[in-house]
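Text of upload_12.csv, listed as CSV, C-alpha atoms and all ligand atoms:
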```csv
chain,number,residue,atom,x,y,z
A,19,MET,CA,0.0,0.0,0.0
A,20,LEU,CA,1.2,3.5,-0.8
A,21,HIS,CA,-0.2,6.7,0.7
A,22,VAL,CA,-0.5,9.8,-1.5
A,23,ASN,CA,-2.5,12.8,-0.1
A,24,ASP,CA,-3.9,10.4,2.5
A,25,VAL,CA,-5.3,8.1,-0.1
A,26,LYS,CA,-4.2,4.5,0.1
A,27,TYR,CA,-3.2,2.8,-3.2
A,28,ASN,CA,-2.6,-0.8,-4.0
A,29,LEU,CA,0.8,-1.1,-5.8
A,30,THR,CA,0.3,-4.6,-7.2
A,31,ARG,CA,-0.8,-3.3,-10.6
A,32,LEU,CA,2.4,-1.2,-10.9
A,33,LYS,CA,4.6,-4.3,-10.8
A,34,GLY,CA,6.8,-4.9,-13.8
A,35,LYS,CA,6.3,-1.4,-15.3
A,36,ILE,CA,8.9,1.0,-16.6
A,37,ILE,CA,9.1,4.6,-15.7
A,38,ALA,CA,11.6,6.7,-17.8
A,39,ILE,CA,12.8,10.1,-16.7
A,40,ASP,CA,14.8,12.4,-19.0
A,41,GLY,CA,15.9,16.0,-18.7
A,42,PRO,CA,18.9,18.3,-18.7
A,43,ALA,CA,21.9,18.2,-16.3
A,44,GLY,CA,21.0,19.2,-12.8
A,45,ALA,CA,17.2,19.0,-13.1
A,46,GLY,CA,17.1,16.7,-10.1
A,47,LYS,CA,16.7,13.4,-12.1
A,48,SER,CA,18.9,11.2,-9.9
A,49,THR,CA,17.5,12.2,-6.6
A,50,THR,CA,14.0,12.0,-7.8
A,51,ALA,CA,14.4,8.8,-9.7
A,52,LYS,CA,16.1,7.1,-6.7
A,53,LEU,CA,13.2,8.1,-4.3
A,54,VAL,CA,10.5,7.2,-6.8
A,55,ALA,CA,12.1,3.8,-7.2
A,56,ALA,CA,12.3,3.3,-3.4
A,57,ARG,CA,8.7,4.2,-2.9
A,58,LEU,CA,7.5,1.8,-5.6
A,59,GLY,CA,10.0,-1.0,-4.7
A,60,TYR,CA,11.6,-0.6,-8.2
A,61,THR,CA,15.2,-0.8,-9.3
A,62,TYR,CA,16.9,2.6,-10.1
A,63,LEU,CA,18.9,2.7,-13.3
A,64,ASP,CA,21.2,5.7,-13.6
A,65,THR,CA,22.2,5.6,-17.3
A,66,GLY,CA,24.4,8.8,-16.8
A,67,ALA,CA,26.6,6.8,-14.3
A,68,MET,CA,27.3,4.3,-17.0
A,69,TYR,CA,28.7,7.0,-19.4
A,70,ARG,CA,30.5,8.5,-16.5
A,71,ALA,CA,32.1,5.2,-15.5
A,72,LEU,CA,33.3,4.7,-19.1
A,73,THR,CA,34.7,8.3,-19.1
A,74,HIS,CA,36.5,7.8,-15.8
A,75,TYR,CA,38.1,4.6,-17.0
A,76,ALA,CA,39.1,6.1,-20.3
A,77,LEU,CA,40.8,9.2,-18.6
A,78,LYS,CA,42.6,6.9,-16.2
A,79,ASN,CA,43.9,4.8,-19.1
A,80,ASN,CA,44.9,7.7,-21.3
A,81,ILE,CA,42.2,7.0,-23.9
A,82,ASP,CA,41.2,10.3,-25.6
A,83,PRO,CA,37.5,11.3,-25.3
A,84,SER,CA,37.5,12.0,-29.0
A,85,ASP,CA,38.6,8.4,-29.9
A,86,GLY,CA,35.3,6.9,-30.8
A,87,LYS,CA,36.7,3.6,-32.1
A,88,LYS,CA,38.6,2.8,-28.9
A,89,LEU,CA,35.8,4.0,-26.6
A,90,SER,CA,33.2,2.0,-28.4
A,91,ALA,CA,35.2,-1.2,-28.1
A,92,LEU,CA,35.8,-0.4,-24.4
A,93,ALA,CA,32.0,0.3,-23.9
A,94,GLU,CA,31.2,-3.2,-25.1
A,95,LYS,CA,33.5,-5.0,-22.8
A,96,LEU,CA,33.8,-2.8,-19.7
A,97,PRO,CA,32.0,-4.5,-16.8
A,98,VAL,CA,30.0,-1.6,-15.2
A,99,GLU,CA,27.9,-2.9,-12.3
A,100,PHE,CA,25.4,-1.3,-9.9
A,101,LYS,CA,25.2,-2.7,-6.4
A,102,ASN,CA,23.1,-1.7,-3.4
A,103,VAL,CA,25.5,-1.4,-0.4
A,104,ASP,CA,23.8,-0.7,2.9
A,105,GLY,CA,20.9,1.0,1.1
A,106,VAL,CA,23.1,3.1,-1.1
A,107,ASN,CA,23.4,2.6,-4.9
A,108,ARG,CA,27.1,2.2,-5.7
A,109,VAL,CA,28.9,1.9,-9.1
A,110,PHE,CA,31.7,-0.6,-9.8
A,111,ILE,CA,34.1,-1.1,-12.7
A,112,ASN,CA,36.0,-4.5,-12.6
A,113,GLY,CA,35.0,-4.7,-8.9
A,114,GLU,CA,36.4,-1.3,-8.0
A,115,ASP,CA,34.0,1.1,-6.3
A,116,VAL,CA,34.0,4.3,-8.5
A,117,THR,CA,30.9,5.9,-7.1
A,118,GLU,CA,32.7,9.1,-6.0
A,119,ALA,CA,35.3,9.0,-8.7
A,120,ILE,CA,32.7,9.3,-11.5
A,121,ARG,CA,31.4,12.7,-10.1
A,122,THR,CA,34.6,14.7,-10.3
A,123,PRO,CA,34.7,17.9,-12.4
A,124,GLU,CA,37.2,16.2,-14.8
A,125,VAL,CA,34.7,13.4,-15.6
A,126,THR,CA,31.9,15.9,-15.9
A,127,GLN,CA,33.8,18.0,-18.4
A,128,ASN,CA,34.6,15.1,-20.6
A,129,VAL,CA,31.5,12.8,-20.4
A,130,SER,CA,29.4,14.6,-23.0
A,131,GLU,CA,32.0,14.1,-25.7
A,132,VAL,CA,32.4,10.4,-24.7
A,133,ALA,CA,28.6,9.9,-24.7
A,134,ALA,CA,28.3,11.4,-28.2
A,135,HIS,CA,30.0,8.5,-30.0
A,136,PRO,CA,27.4,6.3,-31.7
A,137,GLY,CA,29.3,3.0,-30.9
A,138,VAL,CA,29.4,4.0,-27.3
A,139,ARG,CA,25.7,4.7,-27.2
A,140,LYS,CA,24.8,1.5,-29.0
A,141,ALA,CA,26.8,-0.6,-26.4
A,142,MET,CA,25.3,1.3,-23.4
A,143,VAL,CA,21.7,1.2,-24.7
A,144,LYS,CA,22.0,-2.6,-25.2
A,145,LYS,CA,23.1,-3.0,-21.5
A,146,GLN,CA,20.3,-0.7,-20.3
A,147,ILE,CA,17.6,-2.7,-22.2
A,148,GLU,CA,19.0,-5.9,-20.7
A,149,ILE,CA,18.9,-4.4,-17.1
A,150,GLY,CA,15.3,-3.3,-17.7
A,151,LYS,CA,14.0,-6.4,-19.4
A,152,HIS,CA,11.9,-7.5,-16.3
A,153,GLY,CA,10.5,-4.1,-15.7
A,154,SER,CA,9.9,-2.6,-12.2
A,155,ILE,CA,12.5,0.0,-13.1
A,156,VAL,CA,12.9,3.7,-12.9
A,157,ALA,CA,15.4,4.7,-15.7
A,158,GLU,CA,16.9,8.1,-15.8
A,159,GLY,CA,19.1,9.9,-18.4
A,160,ARG,CA,18.9,11.8,-21.7
A,161,ASP,CA,17.4,9.2,-24.1
A,162,THR,CA,15.6,6.8,-21.8
A,163,THR,CA,12.1,8.1,-22.9
A,164,THR,CA,13.0,8.2,-26.6
A,165,VAL,CA,15.6,5.5,-27.5
A,166,VAL,CA,16.2,3.1,-24.6
A,167,PHE,CA,12.6,2.6,-23.4
A,168,PRO,CA,10.4,4.2,-26.2
A,169,ASN,CA,7.5,2.0,-24.9
A,170,ALA,CA,7.9,3.0,-21.2
A,171,ASP,CA,4.7,3.0,-19.2
A,172,LEU,CA,5.3,6.5,-17.9
A,173,LYS,CA,7.6,9.1,-19.4
A,174,ILE,CA,8.7,12.2,-17.5
A,175,TYR,CA,10.7,15.2,-18.8
A,176,LEU,CA,12.2,16.8,-15.7
A,177,ASP,CA,13.3,20.4,-16.2
A,178,ALA,CA,14.4,23.4,-14.1
A,179,SER,CA,16.0,26.9,-14.8
A,180,VAL,CA,19.7,27.1,-15.5
A,181,LYS,CA,20.2,29.1,-12.3
A,182,GLN,CA,18.4,26.6,-10.1
A,183,ARG,CA,20.3,23.7,-11.7
A,184,ALA,CA,23.7,25.5,-11.2
A,185,GLN,CA,22.8,26.1,-7.5
A,186,ARG,CA,22.0,22.5,-7.0
A,187,ARG,CA,25.3,21.4,-8.6
A,188,LEU,CA,27.2,23.8,-6.5
A,189,LEU,CA,25.7,22.3,-3.3
A,190,ASP,CA,26.4,18.7,-4.5
A,191,LEU,CA,30.0,19.5,-5.2
A,192,ALA,CA,30.4,21.3,-1.9
A,193,LYS,CA,29.3,18.2,-0.2
A,194,MET,CA,32.1,16.4,-2.0
A,195,GLY,CA,34.5,19.0,-0.7
A,196,ILE,CA,34.9,20.6,-4.2
A,197,SER,CA,34.5,24.4,-4.2
A,198,THR,CA,33.5,26.3,-7.4
A,199,THR,CA,31.4,29.3,-8.2
A,200,LEU,CA,27.8,29.7,-9.3
A,201,GLU,CA,29.0,31.4,-12.6
A,202,GLU,CA,31.3,28.5,-13.3
A,203,GLN,CA,28.5,26.0,-12.8
A,204,GLU,CA,26.1,28.0,-14.9
A,205,SER,CA,28.5,28.1,-17.8
A,206,GLU,CA,29.3,24.3,-17.4
A,207,ILE,CA,25.6,23.5,-17.4
A,208,LYS,CA,24.9,25.7,-20.5
A,209,ARG,CA,27.8,24.0,-22.2
A,210,ARG,CA,26.5,20.5,-21.4
A,211,ASP,CA,22.9,21.4,-22.4
A,212,GLU,CA,24.3,22.7,-25.8
A,213,TYR,CA,26.3,19.5,-26.3
A,214,ASP,CA,23.7,17.0,-25.1
A,215,SER,CA,20.8,18.7,-27.1
A,216,HIS,CA,22.6,19.2,-30.4
A,217,ARG,CA,24.7,16.1,-30.8
A,218,LYS,CA,23.9,14.0,-33.9
A,219,HIS,CA,23.0,10.7,-32.1
A,220,SER,CA,20.2,10.5,-29.6
A,221,PRO,CA,20.2,14.2,-28.6
A,222,LEU,CA,18.3,15.2,-25.5
A,223,THR,CA,14.7,15.8,-26.7
A,224,LYS,CA,11.3,15.8,-25.0
A,225,ALA,CA,9.3,12.7,-26.1
A,226,HIS,CA,5.9,13.8,-27.5
A,227,ASP,CA,4.1,11.6,-24.8
A,228,ALA,CA,6.3,12.7,-21.9
A,229,PHE,CA,4.8,14.7,-18.9
A,230,VAL,CA,6.9,17.8,-18.2
A,231,VAL,CA,7.6,18.4,-14.5
A,232,ASP,CA,9.4,21.7,-13.9
A,233,THR,CA,11.2,21.4,-10.6
A,234,SER,CA,12.4,25.0,-10.2
A,235,LYS,CA,9.9,25.7,-7.5
A,236,LEU,CA,9.3,22.2,-6.2
A,237,THR,CA,10.8,20.5,-3.2
A,238,ILE,CA,12.2,17.0,-3.7
A,239,GLU,CA,9.2,15.5,-1.9
A,240,GLN,CA,6.8,17.4,-4.2
A,241,GLN,CA,8.6,16.2,-7.3
A,242,VAL,CA,8.4,12.6,-6.1
A,243,ASP,CA,4.7,12.9,-5.1
A,244,ARG,CA,3.9,14.4,-8.6
A,245,ILE,CA,5.5,11.5,-10.4
A,246,ILE,CA,3.9,8.9,-8.1
A,247,SER,CA,0.5,10.5,-8.7
A,248,LEU,CA,1.2,10.4,-12.5
A,249,ALA,CA,2.1,6.7,-12.2
A,250,LEU,CA,-1.0,5.9,-10.3
A,251,THR,CA,-3.3,7.8,-12.7
A,252,HIS,CA,-1.6,7.0,-16.0
A,253,ILE,CA,-0.3,3.5,-15.7
A,254,HIS,CA,-2.9,0.9,-16.4
A,301,LIG,O1,23.0,12.8,-15.7
A,301,LIG,P1,24.6,12.9,-15.7
A,301,LIG,O2,25.1,14.3,-15.5
A,301,LIG,O3,25.2,11.9,-14.7
A,301,LIG,O4,25.0,12.5,-17.2
A,301,LIG,C1,26.3,12.5,-17.6
A,301,LIG,C2,26.4,12.7,-19.1
A,301,LIG,O5,26.1,11.5,-19.7
A,301,LIG,C3,25.6,13.8,-19.7
A,301,LIG,O6,26.3,15.0,-19.9
A,301,LIG,C4,25.1,13.3,-21.0
A,301,LIG,C5,25.4,11.8,-20.9
A,301,LIG,N1,24.2,10.9,-20.9
A,301,LIG,C6,23.8,10.5,-22.1
A,301,LIG,O7,24.3,10.9,-23.2
A,301,LIG,N2,22.7,9.7,-22.2
A,301,LIG,C7,22.1,9.2,-21.1
A,301,LIG,N3,21.1,8.4,-21.2
A,301,LIG,C8,22.6,9.7,-19.8
A,301,LIG,C9,23.6,10.5,-19.8
```

Show me, as structure tokens, the structure contained in the file I just sent.
Ligand code: DC
Amino acid sequence: MLHVNDVKYNLTRLKGKIIAIDGPAGAGKSTTAKLVAARLGYTYLDTGAMYRALTHYALKNNIDPSDGKKLSALAEKLPVEFKNVDGVNRVFINGEDVTEAIRTPEVTQNVSEVAAHPGVRKAMVKKQIEIGKHGSIVAEGRDTTTVVFPNADLKIYLDASVKQRAQRRLLDLAKMGISTTLEEQESEIKRRDEYDSHRKHSPLTKAHDAFVVDTSKLTIEQQVDRIISLALTHIH
């Protein structure tokens, strides 16, 4: 049973469904998707973390972010795994915990270029479809509503103003002990928006059947409630 606005809902009929959430950097996708997944007893699939893990590994092994051929071959064989450790989703490459390492500014600056190679996308999308094949999943990224799960049972496009998104990034980085400025984060977010929205392969676009949720003025709890309500009213 789930309580939304004091109404009790039976969750049995939501078993095995797919919820896909796309949107630009810093719109709050990860936090929201994680909480929605926890409320519904679903698995959370962070597709951005897979591109970040590949980028981290490439940088560590001196593979250039522009080398599509090498990166595509690597994407096919690199074992990226998600494990829940003490209630926290952690990311592993070859058994090494890279959860924090994939969030550094260096990875963030290079990940869009790595994720733009068609061979890289093909390999990652294949893995994502495999992870989602039994449903009961909340997938989050840039193309989960359009390319990875075009038949998702519920599609959400999460958005927020550039200023708001930059402020959130600043706080996230501060928690990791990394200090930057709001201006730096605004320009980084604009640069990534530009890159992710205008690349040739699977650019960030709003699926025609996605519900837009603007999070600029919503609390995390309100964002989560809104998506759960949409799931309860639109998934049959
Ligand atoms: O959501 P994030 O910041 O962790 O994503 C990192 C980068 O990965 C983002 O700049 C674009 C790319 N990405 C992508 O191309 N496709 C996805 N499904 C998810 C992320």

Nearby residues, ligand LIG 301 (chain A), 7 Å, all atoms listed in the file, as a PDB file with C-alpha atoms, keeping the file's coordinate frame:
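Ended up saving to selection_8.pdb:
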```pdb
ATOM      1  CA  ALA A  43      21.900  18.200 -16.300  1.00  0.00           C
ATOM      2  CA  GLY A  44      21.000  19.200 -12.800  1.00  0.00           C
ATOM      3  CA  THR A  65      22.200   5.600 -17.300  1.00  0.00           C
ATOM      4  CA  GLY A  66      24.400   8.800 -16.800  1.00  0.00           C
ATOM      5  CA  ALA A  67      26.600   6.800 -14.300  1.00  0.00           C
ATOM      6  CA  TYR A  69      28.700   7.000 -19.400  1.00  0.00           C
ATOM      7  CA  ARG A  70      30.500   8.500 -16.500  1.00  0.00           C
ATOM      8  CA  THR A 126      31.900  15.900 -15.900  1.00  0.00           C
ATOM      9  CA  VAL A 129      31.500  12.800 -20.400  1.00  0.00           C
ATOM     10  CA  SER A 130      29.400  14.600 -23.000  1.00  0.00           C
ATOM     11  CA  ALA A 133      28.600   9.900 -24.700  1.00  0.00           C
ATOM     12  CA  ALA A 134      28.300  11.400 -28.200  1.00  0.00           C
ATOM     13  CA  GLU A 158      16.900   8.100 -15.800  1.00  0.00           C
ATOM     14  CA  GLY A 159      19.100   9.900 -18.400  1.00  0.00           C
ATOM     15  CA  ARG A 160      18.900  11.800 -21.700  1.00  0.00           C
ATOM     16  CA  ASP A 161      17.400   9.200 -24.100  1.00  0.00           C
ATOM     17  CA  THR A 162      15.600   6.800 -21.800  1.00  0.00           C
ATOM     18  CA  ARG A 210      26.500  20.500 -21.400  1.00  0.00           C
ATOM     19  CA  ASP A 214      23.700  17.000 -25.100  1.00  0.00           C
TER      20      ASP A 214
END
```

### For segment 183-186 of chain A: contacts at 7 Å, only C-alpha atoms, fewer than 2 positions along chain excluded, given as an NGL selection string
:A and (44-45 or 178-181 or 188-190 or 200 or 203-204 or 207)

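Neighbourhood of point (13.4, 10.1, -10.0): residues with an atom at most 10 Å away, counting only C-alpha atoms, are Ile37, Ala38, Ile39, Asp40, Gly46, Lys47, Ser48, Thr49, Thr50, Ala51, Lys52, Leu53, Val54, Ala55, Ala56, Tyr62, Leu63, Asp64, Val156, Ala157, Glu158, Ile174, Leu176, Ile238, Gln241, Val242, Ile245 and Ile246 of chain A.
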
Export C-alpha atoms of the chosen residues as a PDB file, in the frame of the given file?
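Dumped to result22.pdb:
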```pdb
ATOM      1  CA  ILE A  37       9.100   4.600 -15.700  1.00  0.00           C
ATOM      2  CA  ALA A  38      11.600   6.700 -17.800  1.00  0.00           C
ATOM      3  CA  ILE A  39      12.800  10.100 -16.700  1.00  0.00           C
ATOM      4  CA  ASP A  40      14.800  12.400 -19.000  1.00  0.00           C
ATOM      5  CA  GLY A  46      17.100  16.700 -10.100  1.00  0.00           C
ATOM      6  CA  LYS A  47      16.700  13.400 -12.100  1.00  0.00           C
ATOM      7  CA  SER A  48      18.900  11.200  -9.900  1.00  0.00           C
ATOM      8  CA  THR A  49      17.500  12.200  -6.600  1.00  0.00           C
ATOM      9  CA  THR A  50      14.000  12.000  -7.800  1.00  0.00           C
ATOM     10  CA  ALA A  51      14.400   8.800  -9.700  1.00  0.00           C
ATOM     11  CA  LYS A  52      16.100   7.100  -6.700  1.00  0.00           C
ATOM     12  CA  LEU A  53      13.200   8.100  -4.300  1.00  0.00           C
ATOM     13  CA  VAL A  54      10.500   7.200  -6.800  1.00  0.00           C
ATOM     14  CA  ALA A  55      12.100   3.800  -7.200  1.00  0.00           C
ATOM     15  CA  ALA A  56      12.300   3.300  -3.400  1.00  0.00           C
ATOM     16  CA  TYR A  62      16.900   2.600 -10.100  1.00  0.00           C
ATOM     17  CA  LEU A  63      18.900   2.700 -13.300  1.00  0.00           C
ATOM     18  CA  ASP A  64      21.200   5.700 -13.600  1.00  0.00           C
ATOM     19  CA  VAL A 156      12.900   3.700 -12.900  1.00  0.00           C
ATOM     20  CA  ALA A 157      15.400   4.700 -15.700  1.00  0.00           C
ATOM     21  CA  GLU A 158      16.900   8.100 -15.800  1.00  0.00           C
ATOM     22  CA  ILE A 174       8.700  12.200 -17.500  1.00  0.00           C
ATOM     23  CA  LEU A 176      12.200  16.800 -15.700  1.00  0.00           C
ATOM     24  CA  ILE A 238      12.200  17.000  -3.700  1.00  0.00           C
ATOM     25  CA  GLN A 241       8.600  16.200  -7.300  1.00  0.00           C
ATOM     26  CA  VAL A 242       8.400  12.600  -6.100  1.00  0.00           C
ATOM     27  CA  ILE A 245       5.500  11.500 -10.400  1.00  0.00           C
ATOM     28  CA  ILE A 246       3.900   8.900  -8.100  1.00  0.00           C
TER      29      ILE A 246
END
```

Tell me, counting only C-alpha atoms, for each residue of segment 142-220 of chain A within 12 Å of segment 77-96 of chain A, which pair of atoms is nearest and how far apart they are in Å to one decimal, in rows ordered by chain and increasing number, as JSON lines.
```
{"residue": "A:Met142", "atom": "CA", "partner": "A:Ala93", "partner_atom": "CA", "distance": 6.8}
{"residue": "A:Val143", "atom": "CA", "partner": "A:Ala93", "partner_atom": "CA", "distance": 10.4}
{"residue": "A:Lys144", "atom": "CA", "partner": "A:Glu94", "partner_atom": "CA", "distance": 9.2}
{"residue": "A:Lys145", "atom": "CA", "partner": "A:Glu94", "partner_atom": "CA", "distance": 8.9}
```

#### Entry: Atomic separation - atom CA of Gly150 of chain A relative to atom CA of Leu172 of chain A, Å
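Result for atom CA of Leu172 of chain A versus atom CA of Gly150 of chain A: 14.0 Å, one decimal.
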
### Message
With distances taken over all atoms listed in the file, which residue among A:Asn107, A:Ser220, A:Ser215, A:Gln182 lies nearest Lys235 of chain A?
### Response
A:Gln182

### Message
Measuring between only C-alpha atoms, which one of A:Ala71, A:Val230, A:Leu250, A:Leu58 shows the shortest distance to Val132 of chain A?
### Response
A:Ala71

#### Entry: Interatomic distance, atom CA of Thr73 of chain A to atom CA of Thr233 of chain A (Å, one decimal)
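Distance reported for this atom pair: 28.2 Å.
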
### Message
For Phe100 of chain A, find every residue with an atom within 8 Å (counting only C-alpha atoms), except residues of its own chain fewer than 5 positions away, and show them as a list in words.
### Response
Asn107, Arg108, Val109 and Phe110 of chain A

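Atom pair atom CA of Ile120 of chain A / atom CA of Ala228 of chain A has a distance of 28.6 Å (rounded to one decimal).
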
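Between Pro221 of chain A and the residues A:His135, A:Ile196, A:Lys35, A:Asn128, the shortest atom-to-atom distance, using all atoms listed in the file, involves A:His135.
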
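The smallest atom-to-atom distance between Met194 of chain A and any of A:Arg121, A:Arg57, A:Lys218, A:Lys140, using only C-alpha atoms, is found for A:Arg121.
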
### Message
Using all atoms listed in the file, can you tell me which of A:Asp211, A:Glu99, A:Asp115, A:Glu206 comes closest to Gln127 of chain A?
### Response
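Looking only at the distances to Gln127 of chain A, the closest residue turns out to be A:Glu206.
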
#### Entry: Distance query 10 Å from (38.1, 14.8, -2.6) using only C-alpha atoms, result as a list in words
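In the file's frame, the residues around the point are Glu118, Ala119, Thr122, Leu191, Lys193, Met194, Gly195 and Ile196 of chain A.
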
### Task
Check the smallest atom-to-atom distance from each of A:Ala249, A:Ile149, A:Ala76, A:Ala225 to Asn169 of chain A using only C-alpha atoms, then report the winner.
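Closest candidate: A:Ala225.
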